[in-house]
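With TSV, C-alpha atoms inside, this is data.tsv:
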```
chain	number	residue	atom	x	y	z
A	692	ARG	CA	24.27	7.39	51.90
A	693	PHE	CA	21.60	5.17	50.37
A	694	GLU	CA	18.50	6.94	49.07
A	695	GLU	CA	15.27	5.05	48.45
A	696	GLY	CA	14.50	4.97	44.72
A	697	ALA	CA	17.90	6.28	43.67
A	698	ARG	CA	19.07	5.50	40.14
A	699	ARG	CA	22.30	6.22	38.36
A	700	LEU	CA	21.94	9.03	35.85
A	701	ASP	CA	22.88	6.86	32.87
A	702	HIS	CA	20.19	4.32	33.82
A	703	TYR	CA	17.66	7.08	34.51
A	704	LEU	CA	18.18	8.75	31.12
A	705	GLU	CA	17.78	5.45	29.30
A	706	GLU	CA	14.63	4.49	31.19
A	707	GLU	CA	12.96	7.91	31.20
A	708	LYS	CA	14.04	9.40	27.87
A	709	GLU	CA	10.50	9.28	26.46
A	710	GLN	CA	9.01	11.04	29.50
A	711	LEU	CA	11.82	13.43	30.35
A	712	GLY	CA	11.03	16.85	28.94
A	713	LEU	CA	13.20	19.84	28.15
A	714	ASP	CA	12.59	21.49	31.52
A	715	GLY	CA	13.64	18.31	33.34
A	716	ARG	CA	16.87	18.00	31.35
A	717	ILE	CA	17.81	21.63	31.99
A	718	ASP	CA	17.03	21.22	35.70
A	719	ILE	CA	19.25	18.14	36.01
A	720	LEU	CA	22.14	19.87	34.23
A	721	ARG	CA	21.79	22.94	36.44
A	722	GLN	CA	21.83	20.86	39.63
A	723	ILE	CA	25.00	19.06	38.51
A	724	ALA	CA	26.69	22.34	37.58
A	725	GLU	CA	25.71	23.93	40.90
A	726	ALA	CA	27.27	21.03	42.81
A	727	VAL	CA	30.45	21.24	40.74
A	728	ALA	CA	30.64	25.01	41.16
A	729	TYR	CA	30.32	24.62	44.93
A	730	ALA	CA	33.11	22.01	44.98
A	731	HIS	CA	35.37	24.23	42.88
A	732	ARG	CA	34.86	27.13	45.29
A	733	LYS	CA	36.16	24.77	47.98
A	734	ASN	CA	39.18	23.88	45.79
A	735	VAL	CA	37.87	20.35	45.18
A	736	VAL	CA	37.90	18.79	41.70
A	737	HIS	CA	36.03	15.56	40.99
A	738	ARG	CA	38.18	14.56	37.96
A	739	ALA	CA	35.92	11.66	36.91
A	740	LEU	CA	32.48	13.25	36.51
A	741	SER	CA	30.08	11.22	34.37
A	742	PRO	CA	26.47	9.92	34.46
A	743	GLN	CA	27.91	6.83	36.19
A	744	SER	CA	28.96	8.99	39.15
A	745	ILE	CA	25.65	10.83	39.54
A	746	LEU	CA	22.59	9.56	41.40
A	747	VAL	CA	19.06	10.66	40.57
A	748	PHE	CA	16.25	10.23	43.07
A	749	PRO	CA	12.68	11.52	43.49
A	750	THR	CA	12.04	14.56	45.64
A	751	GLY	CA	8.99	13.06	47.29
A	752	GLU	CA	7.06	16.30	46.93
A	753	ASP	CA	7.04	16.93	43.20
A	754	SER	CA	6.76	13.94	40.89
A	755	THR	CA	7.94	16.03	37.92
A	756	ARG	CA	11.27	16.97	39.51
A	757	VAL	CA	14.23	14.91	40.69
A	758	LYS	CA	17.30	15.64	42.78
A	759	ILE	CA	20.86	14.66	42.00
A	760	LYS	CA	23.84	13.69	44.09
A	761	ILE	CA	27.39	13.30	42.86
A	762	TYR	CA	29.47	10.50	44.31
A	763	ASN	CA	32.81	8.75	43.58
A	764	TRP	CA	34.67	11.72	45.08
A	765	GLN	CA	37.41	9.33	46.14
A	766	VAL	CA	39.00	9.82	42.71
A	767	GLY	CA	39.04	13.58	43.14
A	768	MET	CA	41.68	15.99	44.36
A	769	TYR	CA	41.91	18.89	46.75
A	770	GLN	CA	44.04	21.94	46.04
A	771	SER	CA	45.26	23.24	49.39
A	772	ASP	CA	46.83	26.65	49.80
A	773	SER	CA	49.95	26.44	51.92
A	774	ALA	CA	51.41	29.16	54.12
A	775	ASN	CA	53.85	30.27	51.45
A	776	SER	CA	50.96	30.77	48.95
A	777	GLN	CA	51.98	27.76	46.90
A	778	ARG	CA	49.21	25.34	46.05
A	779	THR	CA	49.59	21.67	46.98
A	780	LEU	CA	47.60	18.92	45.28
A	781	ILE	CA	46.20	16.27	47.59
A	782	THR	CA	44.76	13.15	45.97
A	783	LYS	CA	44.42	9.45	46.69
A	784	THR	CA	45.50	8.45	43.21
A	785	LEU	CA	47.41	9.86	40.27
A	786	HIS	CA	45.52	7.67	37.76
A	787	ALA	CA	41.83	8.29	38.47
A	788	SER	CA	40.75	7.21	34.98
A	789	GLN	CA	41.92	3.67	35.75
A	790	LEU	CA	39.56	3.41	38.72
A	791	ILE	CA	36.25	4.04	36.94
A	792	GLU	CA	34.08	2.09	34.53
A	793	ASP	CA	35.20	2.02	30.91
A	794	SER	CA	31.84	3.48	29.85
A	795	SER	CA	32.62	6.60	31.92
A	796	THR	CA	35.85	7.50	30.14
A	797	VAL	CA	34.08	9.13	27.17
A	798	TYR	CA	32.91	11.86	29.57
A	799	LEU	CA	36.43	12.67	30.76
A	800	ALA	CA	38.68	15.37	29.39
A	801	PRO	CA	41.18	14.01	26.82
A	802	GLU	CA	44.16	15.04	28.95
A	803	MET	CA	42.73	13.02	31.84
A	804	VAL	CA	42.44	9.78	29.88
A	805	SER	CA	45.85	10.19	28.24
A	806	SER	CA	47.46	10.45	31.71
A	807	GLN	CA	48.91	13.87	31.02
A	808	SER	CA	49.97	15.76	34.13
A	809	PHE	CA	47.18	18.34	33.89
A	810	GLU	CA	44.97	19.00	36.88
A	811	GLY	CA	42.46	21.63	37.84
A	812	PRO	CA	38.76	22.47	37.47
A	813	GLU	CA	38.99	22.40	33.66
A	814	LEU	CA	38.72	18.61	33.92
A	815	ASP	CA	35.23	18.82	35.40
A	816	ILE	CA	34.10	21.45	32.89
A	817	PHE	CA	34.77	19.11	29.98
A	818	SER	CA	32.71	16.46	31.75
A	819	LEU	CA	29.85	18.92	32.29
A	820	GLY	CA	29.79	19.61	28.56
A	821	ALA	CA	29.86	15.92	27.73
A	822	ILE	CA	27.00	15.26	30.15
A	823	ALA	CA	25.02	18.12	28.55
A	824	TYR	CA	25.67	16.48	25.16
A	825	ARG	CA	24.19	13.23	26.51
A	826	LEU	CA	21.21	14.99	28.08
A	827	PHE	CA	20.09	16.85	24.97
A	828	SER	CA	21.06	14.43	22.20
A	829	ASP	CA	20.16	11.13	23.93
A	830	GLN	CA	23.54	9.89	22.69
A	831	ARG	CA	26.82	9.19	24.45
A	832	PRO	CA	29.68	11.51	23.40
A	833	ALA	CA	31.37	8.54	21.69
A	834	GLU	CA	31.59	4.77	21.86
A	835	ASN	CA	35.07	4.84	23.37
A	836	THR	CA	37.95	7.21	24.03
A	837	ILE	CA	39.54	6.57	20.64
A	838	ALA	CA	36.29	7.52	18.91
A	839	LEU	CA	36.00	10.57	21.20
A	840	ASN	CA	39.45	11.82	20.22
A	841	GLN	CA	38.60	11.35	16.54
A	842	LYS	CA	35.33	13.25	16.98
A	843	LEU	CA	37.13	16.12	18.71
A	844	LYS	CA	39.67	16.35	15.89
A	845	GLN	CA	36.99	16.27	13.20
A	846	GLY	CA	34.78	18.78	15.05
A	847	ASP	CA	37.41	21.53	15.41
A	848	GLY	CA	38.28	20.34	18.90
A	849	PHE	CA	34.86	20.22	20.56
A	850	LEU	CA	31.71	18.13	20.82
A	851	ASN	CA	29.33	19.55	18.21
A	852	LEU	CA	25.69	19.04	19.20
A	853	SER	CA	24.37	20.35	15.88
A	854	ALA	CA	26.08	17.42	14.13
A	855	VAL	CA	23.69	14.97	15.82
A	856	LEU	CA	20.65	17.13	16.62
A	857	ASN	CA	18.69	18.90	13.91
A	858	SER	CA	17.82	22.54	14.60
A	859	ALA	CA	19.86	22.58	17.81
A	860	ASP	CA	19.59	25.98	19.50
A	861	GLU	CA	22.74	28.07	19.05
A	862	SER	CA	23.01	28.85	22.77
A	863	LEU	CA	22.95	25.14	23.62
A	864	VAL	CA	25.53	24.34	20.93
A	865	GLU	CA	27.84	27.01	22.36
A	866	LEU	CA	27.32	25.80	25.93
A	867	ILE	CA	28.70	22.40	24.94
A	868	GLN	CA	31.30	23.79	22.55
A	869	PHE	CA	33.00	25.92	25.21
A	870	SER	CA	32.94	23.25	27.88
A	871	ALA	CA	33.55	19.94	26.08
A	872	HIS	CA	36.49	21.44	24.21
A	873	ALA	CA	39.86	19.75	23.80
A	874	GLN	CA	41.64	23.06	24.44
A	875	ARG	CA	41.62	23.69	28.19
A	876	ASP	CA	41.90	27.48	28.06
A	877	LEU	CA	38.72	27.73	25.96
A	878	ARG	CA	36.51	26.02	28.54
A	879	TYR	CA	34.10	27.91	30.75
A	880	THR	CA	34.50	28.12	34.47
A	881	ALA	CA	31.76	26.45	36.53
A	882	SER	CA	30.19	29.82	37.35
A	883	ASP	CA	30.21	30.83	33.67
A	884	PHE	CA	28.68	27.48	32.79
A	885	LEU	CA	25.77	28.23	35.15
A	886	LYS	CA	25.23	31.64	33.55
A	887	GLU	CA	25.15	30.02	30.12
A	888	ILE	CA	22.53	27.51	31.31
A	889	ASP	CA	20.27	30.48	32.11
A	890	LYS	CA	20.74	31.74	28.54
A	891	VAL	CA	19.93	28.30	27.17
A	892	GLU	CA	16.77	28.07	29.27
A	893	ASN	CA	15.61	31.50	28.14
A	894	ALA	CA	16.25	30.64	24.50
A	895	LEU	CA	14.56	27.24	24.63
A	896	THR	CA	11.53	28.13	26.72
A	897	GLU	CA	10.57	31.58	25.46
A	898	PRO	CA	7.21	31.55	23.64
A	899	ASP	CA	7.13	31.42	19.86
A	900	GLU	CA	6.67	34.75	18.17
A	901	VAL	CA	2.99	35.45	17.62
A	902	GLU	CA	1.93	35.58	13.99
A	903	LYS	CA	0.89	39.07	12.98
A	904	VAL	CA	-2.19	39.48	10.79
A	905	ASP	CA	-2.88	42.07	8.10
A	906	PRO	CA	-5.33	44.48	9.82
A	907	ARG	CA	-7.52	44.55	6.69
A	908	HIS	CA	-8.29	40.86	7.21
A	909	ALA	CA	-8.13	40.72	11.00
A	910	ARG	CA	-10.70	38.95	13.16
A	911	PRO	CA	-11.29	39.00	16.93
A	912	GLY	CA	-8.27	37.55	18.76
A	913	ASP	CA	-5.77	38.32	16.00
A	914	HIS	CA	-2.50	40.15	16.77
A	915	LEU	CA	-1.68	43.22	14.71
A	916	GLY	CA	1.80	44.00	16.00
A	917	HIS	CA	2.86	46.62	18.54
A	918	GLY	CA	1.00	44.54	21.14
A	919	LEU	CA	-2.42	45.32	19.64
A	920	ILE	CA	-5.05	42.58	19.81
A	921	VAL	CA	-8.37	42.75	17.96
A	922	LYS	CA	-11.39	42.59	20.28
A	923	GLN	CA	-14.18	43.25	17.81
A	924	THR	CA	-14.90	44.29	14.21
A	925	LEU	CA	-17.05	47.44	14.39
A	926	GLY	CA	-17.76	47.73	10.69
A	927	SER	CA	-16.37	48.47	7.27
A	928	GLY	CA	-17.01	50.92	4.45
A	929	GLY	CA	-15.81	51.80	1.02
A	930	ILE	CA	-12.40	53.04	2.09
A	931	SER	CA	-11.73	51.56	5.55
A	932	LYS	CA	-12.34	48.86	8.12
A	933	VAL	CA	-12.98	49.78	11.77
A	934	LEU	CA	-11.65	47.63	14.60
A	935	LEU	CA	-11.89	47.75	18.36
A	936	VAL	CA	-8.39	46.85	19.56
A	937	GLU	CA	-6.77	46.37	22.96
A	938	PRO	CA	-3.28	47.84	23.45
A	939	PRO	CA	-0.71	46.39	25.92
A	940	GLU	CA	-1.62	49.12	28.42
A	941	GLY	CA	-4.66	51.33	28.77
A	942	ASN	CA	-8.23	51.11	27.51
A	943	ALA	CA	-9.46	49.68	24.24
A	944	VAL	CA	-9.32	52.06	21.26
A	945	VAL	CA	-10.90	52.28	17.84
A	946	LEU	CA	-8.55	51.70	14.92
A	947	LYS	CA	-9.46	52.66	11.36
A	948	VAL	CA	-7.60	50.72	8.69
A	949	ALA	CA	-7.46	51.90	5.07
A	950	SER	CA	-8.68	49.32	2.60
A	951	ASP	CA	-5.65	50.14	0.42
A	952	SER	CA	-2.74	52.58	0.41
A	953	GLU	CA	-4.64	55.14	-1.72
A	954	HIS	CA	-6.91	55.83	1.24
A	955	ASN	CA	-4.23	56.08	3.93
A	956	LYS	CA	-4.62	59.83	4.29
```
File written out as structure tokens:
Amino acid sequence: RFEEGARRLDHYLEEEKEQLGLDGRIDILRQIAEAVAYAHRKNVVHRALSPQSILVFPTGEDSTRVKIKIYNWQVGMYQSDSANSQRTLITKTLHASQLIEDSSTVYLAPEMVSSQSFEGPELDIFSLGAIAYRLFSDQRPAENTIALNQKLKQGDGFLNLSAVLNSADESLVELIQFSAHAQRDLRYTASDFLKEIDKVENALTEPDEVEKVDPRHARPGDHLGHGLIVKQTLGSGGISKVLLVEPPEGNAVVLKVASDSEHNK
């Protein structure tokens, strides 16, 4: 269904890369993963997930947040459980990779592009990892499928974000490593992928550690460790400095600090 203002994800990322912050990128990835996880619970696999098959459109209520919709499900497959407990694959085509844009193929699992007879949700998990790679590096996984296969071989079988992004967070590197991996049995499930996104968000958005100051040189507002914050300097003498400090809980207390270790006692 047509949505006013909708843009394809690949176009959106190119046009908004300067304005799109970390929170927005994580939110987009989470929405995509939630949709994929829902489909997998219904035994539906997209098989050709890429930015070219994802629409982004404004929410209308929050200009800083967008919504996503996945389309091109006609290339997908449904795994139906028959009466005798054997699973039957239902799909409109056996060669889905031939029905999508060439620029999309670098987001597909290697076994999908090589026309191997592998099916299942692992196909979509590789694509989720490749999309995450695009979101956080501002680069496509590769120029073409040949280059993608070479990159996977050189990178121990997975897309390595740290190779293209300086100081990449370890949790984000692992999220992509264990999804966009050439080896199917090493890929996350969709539900595990969502749990890992939470870890990534916590790691990337937690506040920087506050710098702790030597109490002998502390001034109002400085952090001393153990949650203590200096409120006021009350005075100093020959052997100590006296501070009014605020602990994490309770009332302010007076802290005497020895001017050197000889006066600790």
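Taking only C-alpha atoms, the non-local environment of Asn835 in chain A within 9 Å (same-chain residues fewer than 5 positions away omitted) comprises Asp793, Ser794, Thr796, Val797 and Asn840 of chain A.
Checking A:Leu877, A:Ile837, A:Ile719, A:Ala730 one by one against Ser805 in chain A, counting all atoms listed in the file, you find the shortest gap at A:Ile837.
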TODO: Work out how far CA of Val945 in chain A is from CA of Asp913 in chain A, in Å to one decimal.
DONE: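 So the answer is 15.0 Å.
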TODO: Could you tell me which of A:Val855, A:Val747, A:Val766, A:Val936 comes closest to Ala909 in chain A if we count only C-alpha atoms?
DONE: A:Val936
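Counting all atoms listed in the file and comparing A:Pro801, A:Phe884, A:Asp829, A:Trp764, the residue that lies closest to Leu843 in chain A is A:Pro801.
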- [ ] Could you tell me how far CA of Lys903 in chain A lies from CA of Gly941 in chain A, in Å and to one decimal?
- [x]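 These two atoms are separated by 20.7 Å.
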TODO: Check the smallest atom-to-atom distance from each of A:Gly918, A:Pro938, A:Gly767, A:Pro911 to Asp815 in chain A using all atoms listed in the file, then report the winner.
DONE: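 Checking each of A:Gly918, A:Pro938, A:Gly767, A:Pro911 against Asp815 in chain A, counting all atoms listed in the file, the winner is A:Gly767.
Residue nearest Leu852 in chain A, chosen from A:Ala823, A:Leu946, A:Val757, A:Leu740 and counting only C-alpha atoms: A:Ala823.
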Open item on the list: Residues within 9 Å of range 922-924 of chain A, please, as a ChimeraX atom specification. Count all atoms listed in the file; anything in the same chain fewer than 2 positions from it doesn't count.
Closed with: /A:909-913,920,926-927,932-937,943
Open item on the list: Here is a test: counting all atoms listed in the file, which residue of A:Met803, A:Phe693, A:Glu834, A:Ala873 is nearest to Tyr762 in chain A?
Closed with: A:Phe693
If you keep N, CA and C atoms, can you output range 731-750 of chain A as a PDB file, in the first residue's frame?
```pdb
ATOM      1  N   HIS A 731       9.208 -15.043  10.911  1.00  0.00           N
ATOM      2  CA  HIS A 731       9.780 -16.362  11.181  1.00  0.00           C
ATOM      3  C   HIS A 731       8.904 -17.163  12.143  1.00  0.00           C
ATOM      4  N   ARG A 732       8.268 -16.473  13.087  1.00  0.00           N
ATOM      5  CA  ARG A 732       7.365 -17.186  13.996  1.00  0.00           C
ATOM      6  C   ARG A 732       6.155 -17.737  13.246  1.00  0.00           C
ATOM      7  N   LYS A 733       5.843 -17.128  12.107  1.00  0.00           N
ATOM      8  CA  LYS A 733       4.739 -17.593  11.268  1.00  0.00           C
ATOM      9  C   LYS A 733       5.231 -18.517  10.158  1.00  0.00           C
ATOM     10  N   ASN A 734       6.500 -18.953  10.254  1.00  0.00           N
ATOM     11  CA  ASN A 734       7.106 -19.873   9.283  1.00  0.00           C
ATOM     12  C   ASN A 734       7.284 -19.245   7.900  1.00  0.00           C
ATOM     13  N   VAL A 735       7.404 -17.930   7.849  1.00  0.00           N
ATOM     14  CA  VAL A 735       7.611 -17.228   6.584  1.00  0.00           C
ATOM     15  C   VAL A 735       9.035 -16.688   6.536  1.00  0.00           C
ATOM     16  N   VAL A 736       9.720 -16.919   5.420  1.00  0.00           N
ATOM     17  CA  VAL A 736      11.082 -16.435   5.205  1.00  0.00           C
ATOM     18  C   VAL A 736      11.075 -15.527   3.979  1.00  0.00           C
ATOM     19  N   HIS A 737      11.668 -14.357   4.102  1.00  0.00           N
ATOM     20  CA  HIS A 737      11.658 -13.395   2.998  1.00  0.00           C
ATOM     21  C   HIS A 737      12.569 -13.844   1.859  1.00  0.00           C
ATOM     22  N   ARG A 738      13.786 -14.258   2.209  1.00  0.00           N
ATOM     23  CA  ARG A 738      14.800 -14.783   1.282  1.00  0.00           C
ATOM     24  C   ARG A 738      15.550 -13.721   0.493  1.00  0.00           C
ATOM     25  N   ALA A 739      15.021 -12.510   0.364  1.00  0.00           N
ATOM     26  CA  ALA A 739      15.698 -11.500  -0.455  1.00  0.00           C
ATOM     27  C   ALA A 739      15.706 -10.155   0.254  1.00  0.00           C
ATOM     28  N   LEU A 740      15.937 -10.184   1.570  1.00  0.00           N
ATOM     29  CA  LEU A 740      15.896  -8.966   2.377  1.00  0.00           C
ATOM     30  C   LEU A 740      17.094  -8.074   2.060  1.00  0.00           C
ATOM     31  N   SER A 741      16.821  -6.802   1.823  1.00  0.00           N
ATOM     32  CA  SER A 741      17.871  -5.833   1.514  1.00  0.00           C
ATOM     33  C   SER A 741      17.278  -4.439   1.689  1.00  0.00           C
ATOM     34  N   PRO A 742      18.112  -3.380   1.688  1.00  0.00           N
ATOM     35  CA  PRO A 742      17.560  -2.019   1.757  1.00  0.00           C
ATOM     36  C   PRO A 742      16.614  -1.710   0.602  1.00  0.00           C
ATOM     37  N   GLN A 743      16.775  -2.418  -0.515  1.00  0.00           N
ATOM     38  CA  GLN A 743      15.904  -2.203  -1.677  1.00  0.00           C
ATOM     39  C   GLN A 743      14.513  -2.805  -1.475  1.00  0.00           C
ATOM     40  N   SER A 744      14.337  -3.604  -0.441  1.00  0.00           N
ATOM     41  CA  SER A 744      13.027  -4.200  -0.171  1.00  0.00           C
ATOM     42  C   SER A 744      12.428  -3.676   1.131  1.00  0.00           C
ATOM     43  N   ILE A 745      12.926  -2.523   1.576  1.00  0.00           N
ATOM     44  CA  ILE A 745      12.443  -1.924   2.825  1.00  0.00           C
ATOM     45  C   ILE A 745      12.059  -0.469   2.562  1.00  0.00           C
ATOM     46  N   LEU A 746      10.871  -0.097   2.971  1.00  0.00           N
ATOM     47  CA  LEU A 746      10.399   1.274   2.844  1.00  0.00           C
ATOM     48  C   LEU A 746      10.524   1.994   4.178  1.00  0.00           C
ATOM     49  N   VAL A 747      10.909   3.264   4.099  1.00  0.00           N
ATOM     50  CA  VAL A 747      11.017   4.119   5.276  1.00  0.00           C
ATOM     51  C   VAL A 747      10.052   5.282   5.076  1.00  0.00           C
ATOM     52  N   PHE A 748       9.266   5.588   6.091  1.00  0.00           N
ATOM     53  CA  PHE A 748       8.349   6.715   5.954  1.00  0.00           C
ATOM     54  C   PHE A 748       8.172   7.403   7.304  1.00  0.00           C
ATOM     55  N   PRO A 749       7.859   8.694   7.301  1.00  0.00           N
ATOM     56  CA  PRO A 749       7.722   9.440   8.557  1.00  0.00           C
ATOM     57  C   PRO A 749       6.535   8.960   9.359  1.00  0.00           C
ATOM     58  N   THR A 750       6.633   9.111  10.687  1.00  0.00           N
ATOM     59  CA  THR A 750       5.556   8.687  11.561  1.00  0.00           C
ATOM     60  C   THR A 750       4.423   9.703  11.602  1.00  0.00           C
TER      61      THR A 750
END
```
